[in-house]
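A.B. asks: Right, I'll just put the structure down here and ask away after.
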Amino acid sequence: MATHGFEPGHLVVCRYRLPSEHQPWIHGIHIGEVVEPGDDPATWNGHNSEREYCELARVVPVRYCRRFSCSGCRARHPEGFLQHDGADALTRITEEEAGLSLPAQVLRFIGLEALRNLARAHYPGASDLLAEQDKEVSA
Ligand SMILES: [Zn+2]
């Protein structure tokens, strides 16, 4: 059943969990998978179910970095981590986008300025991707 238009299994990124444009290398890009909220109040807070909480608070349950794990989470959270994030802050992404390299994800989800900063920090692969972008722009 959909939660605010998001179906279980949808892949997402969350706006406020992305690294900053200025320092995109600080942490990885957490790729999330929407999960089904529970219906049993006893397993939530005893009063409401997780689903009711999601409806009231306009949030969606998302498990980050399990199917697609960023480099930081791979060691620290091998099972990923579950969060309830604002439906308005979530963007659906494709399987292909979820599998891109960090520089390509930085460009896609944060922007060109972030990729420039990543290249300035000598992140592997960032300057090659940046060179490709500049070629496209000037072509
Ligand atoms: Zn992660």
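Residue numbering restarts at 1 in every chain; chains get A, B, ... in the order shown in the structure tokens, and ligands count up from 1 in that same order.
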Among chain A, which residues carry a DSSP assignment of helix (DSSP H, G or I), reported as a ChimeraX atom specification?

C.D. replies: /A:15-17,41-43,50-57,71-76,87-89,95-98,102-110,112-120,126-138

A.B. asks: Please return as a list in words the residues found within 7 Å of ligand 1, counting only C-alpha atoms and all ligand atoms.

C.D. replies: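 Within the 7 Å cut-off, the matching residues are Gly28, Ile29, His30, Ile31, Tyr64, Cys65, Ser69, Cys70, Ser71, Gly72 and Cys73 of chain A.
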
A.B. asks: Please provide the set of residues having any atom within 6 Å of segment 75-87 of chain A, restricted to only C-alpha atoms, with same-chain residues fewer than 6 positions apart removed, written as a PDB file with C-alpha atoms, in the first residue's frame.

C.D. replies:
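The result, written out as out-v2.pdb:
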```pdb
ATOM      1  CA  ARG A  58       3.427  13.163   6.435  1.00  0.00           C
ATOM      2  CA  VAL A  59       6.454  10.881   6.592  1.00  0.00           C
ATOM      3  CA  VAL A  60       7.434   7.708   4.752  1.00  0.00           C
ATOM      4  CA  PRO A  61       9.387   4.765   6.204  1.00  0.00           C
ATOM      5  CA  VAL A  62      12.624   4.344   4.254  1.00  0.00           C
ATOM      6  CA  ARG A  63      15.448   1.858   4.748  1.00  0.00           C
ATOM      7  CA  TYR A  64      18.671   3.454   3.577  1.00  0.00           C
ATOM      8  CA  CYS A  65      21.824   1.794   2.328  1.00  0.00           C
ATOM      9  CA  ARG A  66      20.784  -1.837   2.361  1.00  0.00           C
TER      10      ARG A  66
END
```

A.B. asks: Please return, as a PyMOL selection string, all residues of segment 39-101 of chain A that DSSP assigns to strand (DSSP E) on the basis of the backbone.

C.D. replies: chain A and resi 59-64+81-86+90-93

A.B. asks: I need the residues from that last selection saved to file as a compact mmCIF listing (two decimals), in the first residue's frame (with N, CA and C atoms), if you can.

C.D. replies:
```
# COMPACT_ATOMS: atom_id res chain seq x y z
N VAL A 59 5.14 11.49 6.79
CA VAL A 59 6.45 10.88 6.59
C VAL A 59 6.29 9.50 5.96
N VAL A 60 7.40 8.99 5.45
CA VAL A 60 7.43 7.71 4.75
C VAL A 60 8.56 6.88 5.37
N PRO A 61 8.29 5.60 5.69
CA PRO A 61 9.39 4.76 6.20
C PRO A 61 10.34 4.36 5.08
N VAL A 62 11.62 4.62 5.28
CA VAL A 62 12.62 4.34 4.25
C VAL A 62 13.80 3.62 4.90
N ARG A 63 14.22 2.51 4.28
CA ARG A 63 15.45 1.86 4.75
C ARG A 63 16.57 2.28 3.81
N TYR A 64 17.56 2.95 4.38
CA TYR A 64 18.67 3.45 3.58
C TYR A 64 19.84 2.49 3.58
N PHE A 81 19.91 1.54 7.53
CA PHE A 81 19.24 2.16 8.68
C PHE A 81 17.87 2.65 8.27
N LEU A 82 16.91 2.53 9.19
CA LEU A 82 15.53 2.89 8.90
C LEU A 82 15.24 4.29 9.44
N GLN A 83 14.60 5.11 8.61
CA GLN A 83 14.21 6.46 9.04
C GLN A 83 12.81 6.75 8.52
N HIS A 84 12.12 7.66 9.20
CA HIS A 84 10.84 8.15 8.69
C HIS A 84 11.09 9.57 8.21
N ASP A 85 11.06 9.75 6.89
CA ASP A 85 11.43 11.03 6.31
C ASP A 85 10.24 11.71 5.65
N GLY A 86 10.28 13.04 5.65
CA GLY A 86 9.19 13.83 5.09
C GLY A 86 8.94 13.48 3.63
N LEU A 90 11.50 13.66 -0.28
CA LEU A 90 11.95 12.46 -0.99
C LEU A 90 11.79 12.61 -2.50
N THR A 91 12.80 12.14 -3.23
CA THR A 91 12.76 12.14 -4.69
C THR A 91 12.94 10.71 -5.16
N ARG A 92 12.04 10.26 -6.04
CA ARG A 92 12.20 8.91 -6.60
C ARG A 92 13.35 8.90 -7.59
N ILE A 93 14.12 7.81 -7.54
CA ILE A 93 15.21 7.64 -8.49
C ILE A 93 15.09 6.26 -9.13
```

A.B. asks: Quick one: everything within 10 Å of Pro37 of chain A, counting only C-alpha atoms, minus sequence neighbours fewer than 5 positions away in the same chain. Send it as a list in words.

C.D. replies: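 Counting only C-alpha atoms, the residues come to Met1, Ala2, Thr3, Pro8, Trp44, Ser49, Glu50, Arg51, Glu52, Tyr53, Cys54, Val60, Pro61, Val62 and His84 of chain A.
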
A.B. asks: Using C-alpha atoms, can you write the selected residues to a file as an mmCIF file, in the first residue's frame?

C.D. replies:
```
data_model
loop_
_atom_site.group_PDB
_atom_site.id
_atom_site.type_symbol
_atom_site.label_atom_id
_atom_site.label_comp_id
_atom_site.auth_asym_id
_atom_site.auth_seq_id
_atom_site.Cartn_x
_atom_site.Cartn_y
_atom_site.Cartn_z
ATOM 1 C CA MET A 1 0.000 0.000 0.000
ATOM 2 C CA ALA A 2 1.331 3.440 -0.903
ATOM 3 C CA THR A 3 2.397 5.952 1.750
ATOM 4 C CA PRO A 8 7.241 -0.234 -0.984
ATOM 5 C CA TRP A 44 4.770 0.998 17.402
ATOM 6 C CA SER A 49 0.216 2.085 14.292
ATOM 7 C CA GLU A 50 3.292 3.055 12.318
ATOM 8 C CA ARG A 51 1.016 3.595 9.294
ATOM 9 C CA GLU A 52 -1.170 6.059 11.215
ATOM 10 C CA TYR A 53 1.924 7.892 12.407
ATOM 11 C CA CYS A 54 3.170 8.150 8.794
ATOM 12 C CA VAL A 60 7.434 7.708 4.752
ATOM 13 C CA PRO A 61 9.387 4.765 6.204
ATOM 14 C CA VAL A 62 12.624 4.344 4.254
ATOM 15 C CA HIS A 84 10.838 8.154 8.692
#
```

A.B. asks: Which residue gives the smallest distance to Ala121 of chain A among A:Val13, A:Ala57, A:Asp40, A:Pro103, with only C-alpha atoms counted?

C.D. replies: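 Using only C-alpha atoms, Ala121 of chain A sits closest to A:Pro103.
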
A.B. asks: I'd like the contact shell of His22 of chain A - 10 Å cut-off, only C-alpha atoms, skipping same-chain residues fewer than 3 positions apart - returned as a list in words.

C.D. replies: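 Final neighbour list, sorted by chain and number: Pro19, Trp25, Ile26, Glu113, Ala114, Leu115, Arg116, Asn117 and Leu118 of chain A.
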
A.B. asks: Output N, CA and C atoms of each residue in that selection to a file, as a PDB file, in the first residue's frame.

C.D. replies:
```
ATOM      1  N   PRO A  19      24.752  14.994   0.967  1.00  0.00           N
ATOM      2  CA  PRO A  19      25.885  15.824   1.402  1.00  0.00           C
ATOM      3  C   PRO A  19      25.704  17.253   0.877  1.00  0.00           C
ATOM      4  N   TRP A  25      32.036  15.448  -0.346  1.00  0.00           N
ATOM      5  CA  TRP A  25      32.799  14.226  -0.017  1.00  0.00           C
ATOM      6  C   TRP A  25      32.662  13.842   1.455  1.00  0.00           C
ATOM      7  N   ILE A  26      31.998  14.681   2.258  1.00  0.00           N
ATOM      8  CA  ILE A  26      31.921  14.465   3.706  1.00  0.00           C
ATOM      9  C   ILE A  26      31.273  13.121   4.057  1.00  0.00           C
ATOM     10  N   GLU A 113      27.832  22.431  -9.475  1.00  0.00           N
ATOM     11  CA  GLU A 113      28.737  23.129  -8.549  1.00  0.00           C
ATOM     12  C   GLU A 113      29.311  22.134  -7.527  1.00  0.00           C
ATOM     13  N   ALA A 114      28.483  21.223  -7.078  1.00  0.00           N
ATOM     14  CA  ALA A 114      28.941  20.190  -6.134  1.00  0.00           C
ATOM     15  C   ALA A 114      29.987  19.294  -6.793  1.00  0.00           C
ATOM     16  N   LEU A 115      29.770  18.956  -8.066  1.00  0.00           N
ATOM     17  CA  LEU A 115      30.752  18.127  -8.780  1.00  0.00           C
ATOM     18  C   LEU A 115      32.076  18.880  -8.915  1.00  0.00           C
ATOM     19  N   ARG A 116      32.008  20.190  -9.186  1.00  0.00           N
ATOM     20  CA  ARG A 116      33.235  20.994  -9.263  1.00  0.00           C
ATOM     21  C   ARG A 116      34.007  20.922  -7.940  1.00  0.00           C
ATOM     22  N   ASN A 117      33.283  21.047  -6.837  1.00  0.00           N
ATOM     23  CA  ASN A 117      33.937  20.995  -5.524  1.00  0.00           C
ATOM     24  C   ASN A 117      34.542  19.618  -5.261  1.00  0.00           C
ATOM     25  N   LEU A 118      33.851  18.582  -5.732  1.00  0.00           N
ATOM     26  CA  LEU A 118      34.350  17.211  -5.565  1.00  0.00           C
ATOM     27  C   LEU A 118      35.645  17.036  -6.362  1.00  0.00           C
TER      28      LEU A 118
END
```

A.B. asks: Could you check which of A:Phe68, A:Phe6, A:Tyr16, A:Phe109 is closest to Glu36 of chain A, using only C-alpha atoms?

C.D. replies: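 Looking at the shortest contact to Glu36 of chain A, the residue is A:Phe6.
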